[in-house]
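Enquirer: Below is one structure. I have some questions about it.
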Amino acid sequence: MVNEYRTNNCGNLTKENLKQNVILSGWVHAIRVKKNAIFLDLRDSYGLTQIVIKNDSPDFDQIKKIKVESVIQVTGQVILRHVANPKLITGEIEVVSQKVKILSQAKAIPFVINDENNFTALEDLRLKYRYLDLRRKEMFDQLKFKHRFITLVRQFLNSENFLEVDTPVLTKSTPEGARDFLVPSRIKRNKNNVFYALPQSPQLYKQLLMVSGVDKYYQVAKCFRDEDFRADRQPEFQQLDLEMAFVKQEDVIELVEKLLDCIWNEFKLPQLIFPLPWLSYQEAIDLYGSDKPDLRCVCKIVSLSSNIKDLSLKAFWVNDKFSDATKKAILRIVEQHQGQNFLVYSREKNRIIFNTNNQITLTAEQISSLEKSNVQNDKNLCYLTYEVNNIGAIVLGAIRTFYCLDQERQTKHSDFLVNINTYRFLWVVDWPMFEKFDNKISAAHHPFTSPLIPEQILELNKQDFKSLLKIKSSAYDLVLNGNEVAGGSVRIFSKELQEKIFAILEIKPEIVKEQFGFFLEAFDYGIPPHAGIAFGIDRFLMLLTKVNSIRDTIAFPKNNSGIDLLTNSPSAVDLKQLEILGLKILNDKK
């Protein structure tokens with residue numbers, strides 16, 4: 001079929017096309033009006049071609065008034081360009097216009113699209129006019145990169161005999177760590193409190209697929225979580241979901257590393273060394289003060305002997321002046337992480353120069369031990385915490401990140417950093433099975449995660465907090481440059497154990513039956529050992545492409561308040577729609 005709008009695209013004409021008559025269509029990217037001719041850059045999704053409209057052309061007067069981003073069709077001949085542009089594939093040629101047809105006029109645009117080097121448009125303006133923002137090369141390249149990435153992942157998993165299966169978006173509300181987005185249903189409008197939920201993940205469905213006999217499953221799934229916003233979060237996002245039957249943790253990790261190797265080779269990224277390093281959860285906390293440590297920061301936390309019962313002493317050395325500005329920044333970090341017993345020791349003054357709790361100090365033996373921990377004797381300040389459990393290490397981990405990655409400090413403290421532009425992965429394994437929150441036991445990952453030693457849990461009861469908090473799970477997170485990019489676990493495949501976990505979590509039997517009855521019933525019909533993992537695609541791509549926000553990896557994202565500025569949603573709906581659903585808005589006037 002002949003395309004009436006174009007014979008070629010704007011990115012493929014070269015010297016081999018000289019003297020050919022062509023038809024091009026696209027957007028006016030830039031226009032330069034001279035006395036004898038108009039030089040116009042025509043753009044489509046494939047590239048740019050320079051168009052020349054001579055002053056004796058019947059279209060000259062009309063085109064010199066046209067605004068950028070208007071859509072035109074050009075019929076003309078390919079000639080050699082007098083001054084080549086080596087940055088463009090089409091840089092050696094130009095098209096002399098014989099006829100120009102205006103297909104769509106554009107009005108003045110709200111921000112400049114073609115100024116890539118000095119682009120300063122505010123993000124809210126970009127999101128309001130997202131269809132214009134996506135015309136920028138930087139943003140369009142993000143769309144192409146994501147397409148290539150997902151295509152490559154699909155090809156890899158298909159070659160590994162995975163089956164792609166889609167799972168429902170309208171599903172049941174179950175506790176998975178964040179608030180659900182709820183969808184009212186007209187079908188059961190006469191029943192109170194009946195809603196669909198949008199899935200936080202396909203967790204139960206992918207486990208049911210294992211019961212169904214699907215050996216290896218994957219899905220590029222849409223997930224929805226109503227949680228607080230950050231630069232690396234969105235209320236809806238894409239997740240690469242994997243699940244496999246008859247495997248253990250090591251099998252999942254081996255597959256993921258094979259996938260990473262494929263991705264790194266395809267995109268010609270700096271070579272990774274496999275196998276990737278492993279750290280237990282507790283090792284990560286003790287050495288780096290984080291469950292997602294950034295290994296580009298080479299400095300570590302040291303532990304010292306404590307002379308106070310139930311309190312551990314941890315330290316972190318740095319070369320810095322304890323100025324008022326530094327003091328304010330550090331105190332802000334301490335308060336954020338609820339640290340209390342915090343000290344700063346100066347090697348130059350050989351004493352504590354700052355202390356949040358004057359009742360706590362250091363012994364002479366501890367100061368001597370502290371000095372020895374300054375291995376090269378080249379750091380002059382030491383931050384210390386006396387804290388119970390992991391709080392002290394977490395406070396020092398946040399300070400460590402502040403020194404290593406704070407932009408104003410990167411140059412000054414470059415001796416702490418491996419190359420900031422590199423990629424450093426690690427696996428964090430052996431996570432706690434449970435955590436204590438509001439004097440109640442909750443699941444550290446989700447309630448379908450298997451303990452490392454299942455027999456340990458079967459012997460305990462829900463009141464045995466101390467023993468429960470020591471139980472380790474078969475959970476594993478993949479961390480990249482201080483960000484969790486994937487997380488998974490070995491799943492429970494024993495009905496007795498799954499019911500025991502629900503009991504420990506104090507989920508009432510009637511709620512278990514209502515929320516998970518269908519799931520537990522499946523356990524009665526033969527369920528294989530299985531395990532899986534899920535990648536946050538958008539967050540992973542944010543790190544790979546080194547953009548500052550997850551929003552730049554999504555075609556039509558929400559802003560940092562969860563609002564879609566393009567469509568102005570969420571927005572009010574017609575009251576008749578609510579009536580059909582059996583809903584009424586109650587205004588809280590208190």
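Residues in the structure tokens are named by chain (A, B, ... in the order shown) and by number from 1 within that chain; ligands are numbered from 1 in the order shown.
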Run DSSP on the backbone and grab whatever in segment 37-261 of chain A lands in strand (DSSP E); send it over as a ChimeraX atom specification.
Expert: /A:37-44,47-54,71-80,93-104,163-164,182-184,195-197,216-224,236-245
Enquirer: List the neighbours of Gln203 of chain A out to 12 Å using only C-alpha atoms; skip same-chain residues closer than 2 positions along the sequence, and give me the result as a PyMOL selection string.
Expert: chain A and resi 167-168+171-172+174-176+199-201+205-210+217-219+221+223+239-243+445-449+488-489+491+519+531-534
Enquirer: Excluding segment 11-23 of chain A and residues on its chain fewer than 4 positions from it, collect all residues at most 12 Å away from it, counting only C-alpha atoms, and give them as an MDAnalysis selection string.
Expert: chainID A and resid 2:7 41:51 72:81 84:101
Enquirer: Give me, please, the distance in Å between atom CA of Gln249 of chain A and atom CA of Pro529 of chain A, quoted to one decimal.
Expert: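 Separation of atom CA of Gln249 of chain A and atom CA of Pro529 of chain A: 11.1 Å.
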Enquirer: Can you check which residues of segment 273-465 of chain A DSSP gives as alpha helix (DSSP H) on the backbone and send them as an mmCIF file with N, CA and C atoms, in the first residue's frame?
Expert:
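See states10.cif below for the written result:
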```cif
data_model
loop_
_atom_site.group_PDB
_atom_site.id
_atom_site.type_symbol
_atom_site.label_atom_id
_atom_site.label_comp_id
_atom_site.auth_asym_id
_atom_site.auth_seq_id
_atom_site.Cartn_x
_atom_site.Cartn_y
_atom_site.Cartn_z
ATOM 1 N N TYR A 281 20.809 -9.758 56.166
ATOM 2 C CA TYR A 281 20.160 -8.525 56.620
ATOM 3 C C TYR A 281 20.937 -7.908 57.783
ATOM 4 N N GLN A 282 21.321 -8.731 58.756
ATOM 5 C CA GLN A 282 21.992 -8.200 59.942
ATOM 6 C C GLN A 282 23.388 -7.683 59.605
ATOM 7 N N GLU A 283 24.083 -8.352 58.696
ATOM 8 C CA GLU A 283 25.399 -7.851 58.266
ATOM 9 C C GLU A 283 25.256 -6.493 57.584
ATOM 10 N N ALA A 284 24.231 -6.338 56.762
ATOM 11 C CA ALA A 284 24.005 -5.056 56.078
ATOM 12 C C ALA A 284 23.766 -3.938 57.082
ATOM 13 N N ILE A 285 22.960 -4.232 58.106
ATOM 14 C CA ILE A 285 22.690 -3.228 59.143
ATOM 15 C C ILE A 285 23.954 -2.918 59.926
ATOM 16 N N ASP A 286 24.685 -3.944 60.337
ATOM 17 C CA ASP A 286 25.866 -3.748 61.186
ATOM 18 C C ASP A 286 26.974 -2.990 60.451
ATOM 19 N N LEU A 287 27.195 -3.287 59.172
ATOM 20 C CA LEU A 287 28.315 -2.690 58.438
ATOM 21 C C LEU A 287 27.962 -1.368 57.768
ATOM 22 N N TYR A 288 26.685 -1.232 57.346
ATOM 23 C CA TYR A 288 26.315 -0.060 56.549
ATOM 24 C C TYR A 288 25.123 0.715 57.108
ATOM 25 N N ASP A 324 28.566 24.589 62.532
ATOM 26 C CA ASP A 324 27.157 24.710 62.917
ATOM 27 C C ASP A 324 26.247 24.104 61.850
ATOM 28 N N ALA A 325 26.606 24.303 60.574
ATOM 29 C CA ALA A 325 25.796 23.757 59.483
ATOM 30 C C ALA A 325 25.818 22.231 59.500
ATOM 31 N N THR A 326 27.011 21.656 59.719
ATOM 32 C CA THR A 326 27.130 20.197 59.814
ATOM 33 C C THR A 326 26.339 19.681 61.008
ATOM 34 N N LYS A 327 26.470 20.372 62.136
ATOM 35 C CA LYS A 327 25.761 19.960 63.347
ATOM 36 C C LYS A 327 24.251 19.930 63.115
ATOM 37 N N LYS A 328 23.699 20.954 62.458
ATOM 38 C CA LYS A 328 22.256 20.996 62.189
ATOM 39 C C LYS A 328 21.826 19.845 61.282
ATOM 40 N N ALA A 329 22.634 19.588 60.235
ATOM 41 C CA ALA A 329 22.295 18.513 59.296
ATOM 42 C C ALA A 329 22.314 17.160 59.988
ATOM 43 N N ILE A 330 23.340 16.931 60.813
ATOM 44 C CA ILE A 330 23.472 15.648 61.497
ATOM 45 C C ILE A 330 22.361 15.469 62.525
ATOM 46 N N LEU A 331 22.059 16.509 63.276
ATOM 47 C CA LEU A 331 20.986 16.412 64.265
ATOM 48 C C LEU A 331 19.641 16.123 63.600
ATOM 49 N N ARG A 332 19.428 16.692 62.414
ATOM 50 C CA ARG A 332 18.194 16.425 61.670
ATOM 51 C C ARG A 332 18.095 14.935 61.323
ATOM 52 N N ILE A 333 19.236 14.350 60.912
ATOM 53 C CA ILE A 333 19.275 12.916 60.592
ATOM 54 C C ILE A 333 18.993 12.083 61.844
ATOM 55 N N VAL A 334 19.612 12.456 62.957
ATOM 56 C CA VAL A 334 19.423 11.714 64.213
ATOM 57 C C VAL A 334 17.954 11.742 64.627
ATOM 58 N N GLU A 335 17.335 12.920 64.541
ATOM 59 C CA GLU A 335 15.926 13.047 64.934
ATOM 60 C C GLU A 335 15.010 12.260 64.000
ATOM 61 N N GLN A 336 15.322 12.299 62.702
ATOM 62 C CA GLN A 336 14.501 11.573 61.725
ATOM 63 C C GLN A 336 14.446 10.087 62.034
ATOM 64 N N ALA A 364 38.141 5.276 79.046
ATOM 65 C CA ALA A 364 39.482 5.411 78.459
ATOM 66 C C ALA A 364 39.774 4.240 77.530
ATOM 67 N N GLU A 365 39.322 3.039 77.925
ATOM 68 C CA GLU A 365 39.547 1.853 77.088
ATOM 69 C C GLU A 365 38.791 1.974 75.762
ATOM 70 N N GLN A 366 37.585 2.527 75.826
ATOM 71 C CA GLN A 366 36.801 2.679 74.593
ATOM 72 C C GLN A 366 37.419 3.730 73.669
ATOM 73 N N ILE A 367 37.937 4.809 74.250
ATOM 74 C CA ILE A 367 38.595 5.823 73.427
ATOM 75 C C ILE A 367 39.829 5.229 72.757
ATOM 76 N N SER A 368 40.575 4.409 73.485
ATOM 77 C CA SER A 368 41.742 3.742 72.902
ATOM 78 C C SER A 368 41.324 2.812 71.770
ATOM 79 N N SER A 369 40.241 2.054 71.975
ATOM 80 C CA SER A 369 39.725 1.150 70.953
ATOM 81 C C SER A 369 39.207 1.945 69.753
ATOM 82 N N LEU A 370 38.608 3.078 70.051
ATOM 83 C CA LEU A 370 38.081 3.939 69.001
ATOM 84 C C LEU A 370 39.199 4.466 68.117
ATOM 85 N N GLU A 371 40.292 4.913 68.724
ATOM 86 C CA GLU A 371 41.441 5.414 67.968
ATOM 87 C C GLU A 371 42.003 4.335 67.038
ATOM 88 N N LYS A 372 42.035 3.095 67.520
ATOM 89 C CA LYS A 372 42.557 1.993 66.705
ATOM 90 C C LYS A 372 41.651 1.699 65.512
ATOM 91 N N SER A 373 40.353 2.003 65.634
ATOM 92 C CA SER A 373 39.424 1.739 64.535
ATOM 93 C C SER A 373 39.596 2.728 63.382
ATOM 94 N N ILE A 391 18.941 0.543 66.043
ATOM 95 C CA ILE A 391 18.699 1.974 65.835
ATOM 96 C C ILE A 391 19.997 2.742 65.613
ATOM 97 N N GLY A 392 21.024 2.456 66.440
ATOM 98 C CA GLY A 392 22.290 3.190 66.312
ATOM 99 C C GLY A 392 22.921 3.010 64.959
ATOM 100 N N ALA A 393 22.950 1.757 64.460
ATOM 101 C CA ALA A 393 23.544 1.488 63.144
ATOM 102 C C ALA A 393 22.772 2.210 62.048
ATOM 103 N N ILE A 394 21.449 2.255 62.152
ATOM 104 C CA ILE A 394 20.628 2.915 61.128
ATOM 105 C C ILE A 394 20.894 4.422 61.104
ATOM 106 N N VAL A 395 21.050 5.023 62.295
ATOM 107 C CA VAL A 395 21.397 6.455 62.368
ATOM 108 C C VAL A 395 22.746 6.702 61.689
ATOM 109 N N LEU A 396 23.751 5.874 62.024
ATOM 110 C CA LEU A 396 25.078 6.049 61.421
ATOM 111 C C LEU A 396 25.037 5.766 59.917
ATOM 112 N N GLY A 397 24.182 4.833 59.493
ATOM 113 C CA GLY A 397 24.040 4.554 58.060
ATOM 114 C C GLY A 397 23.530 5.759 57.301
ATOM 115 N N ALA A 398 22.581 6.480 57.904
ATOM 116 C CA ALA A 398 22.046 7.691 57.260
ATOM 117 C C ALA A 398 23.114 8.782 57.187
ATOM 118 N N ILE A 399 23.948 8.886 58.247
ATOM 119 C CA ILE A 399 25.044 9.867 58.231
ATOM 120 C C ILE A 399 26.074 9.474 57.173
ATOM 121 N N ARG A 400 26.350 8.177 57.068
ATOM 122 C CA ARG A 400 27.281 7.673 56.051
ATOM 123 C C ARG A 400 26.805 8.049 54.647
ATOM 124 N N THR A 401 25.520 7.867 54.388
ATOM 125 C CA THR A 401 24.954 8.236 53.088
ATOM 126 C C THR A 401 25.066 9.738 52.857
ATOM 127 N N PHE A 402 24.841 10.507 53.918
ATOM 128 C CA PHE A 402 24.933 11.964 53.837
ATOM 129 C C PHE A 402 26.333 12.386 53.379
ATOM 130 N N TYR A 403 27.365 11.771 53.941
ATOM 131 C CA TYR A 403 28.732 12.134 53.573
ATOM 132 C C TYR A 403 29.116 11.597 52.192
ATOM 133 N N CYS A 404 28.648 10.413 51.854
ATOM 134 C CA CYS A 404 29.072 9.788 50.598
ATOM 135 C C CYS A 404 28.355 10.348 49.385
ATOM 136 N N LEU A 405 27.057 10.651 49.531
ATOM 137 C CA LEU A 405 26.251 10.934 48.344
ATOM 138 C C LEU A 405 25.661 12.333 48.285
ATOM 139 N N PRO A 454 11.231 -23.969 58.820
ATOM 140 C CA PRO A 454 9.799 -23.957 59.148
ATOM 141 C C PRO A 454 9.476 -24.565 60.502
ATOM 142 N N GLU A 455 10.224 -25.585 60.902
ATOM 143 C CA GLU A 455 9.925 -26.265 62.158
ATOM 144 C C GLU A 455 10.023 -25.339 63.368
ATOM 145 N N GLN A 456 10.870 -24.299 63.270
ATOM 146 C CA GLN A 456 11.043 -23.384 64.401
ATOM 147 C C GLN A 456 9.741 -22.671 64.751
ATOM 148 N N ILE A 457 8.972 -22.321 63.726
ATOM 149 C CA ILE A 457 7.745 -21.551 63.960
ATOM 150 C C ILE A 457 6.637 -22.443 64.506
ATOM 151 N N LEU A 458 6.548 -23.636 64.008
ATOM 152 C CA LEU A 458 5.472 -24.530 64.436
ATOM 153 C C LEU A 458 5.506 -24.787 65.943
ATOM 154 N N PHE A 465 7.278 -13.236 71.691
ATOM 155 C CA PHE A 465 7.838 -12.179 70.858
ATOM 156 C C PHE A 465 9.340 -12.353 70.639
#
```
Enquirer: With distances taken over only C-alpha atoms, which residue among A:Ile53, A:Ile527, A:Leu125, A:Leu468 lies nearest Lys495 of chain A?
Expert: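 Using only C-alpha atoms, the shortest distance to Lys495 of chain A belongs to A:Ile527.
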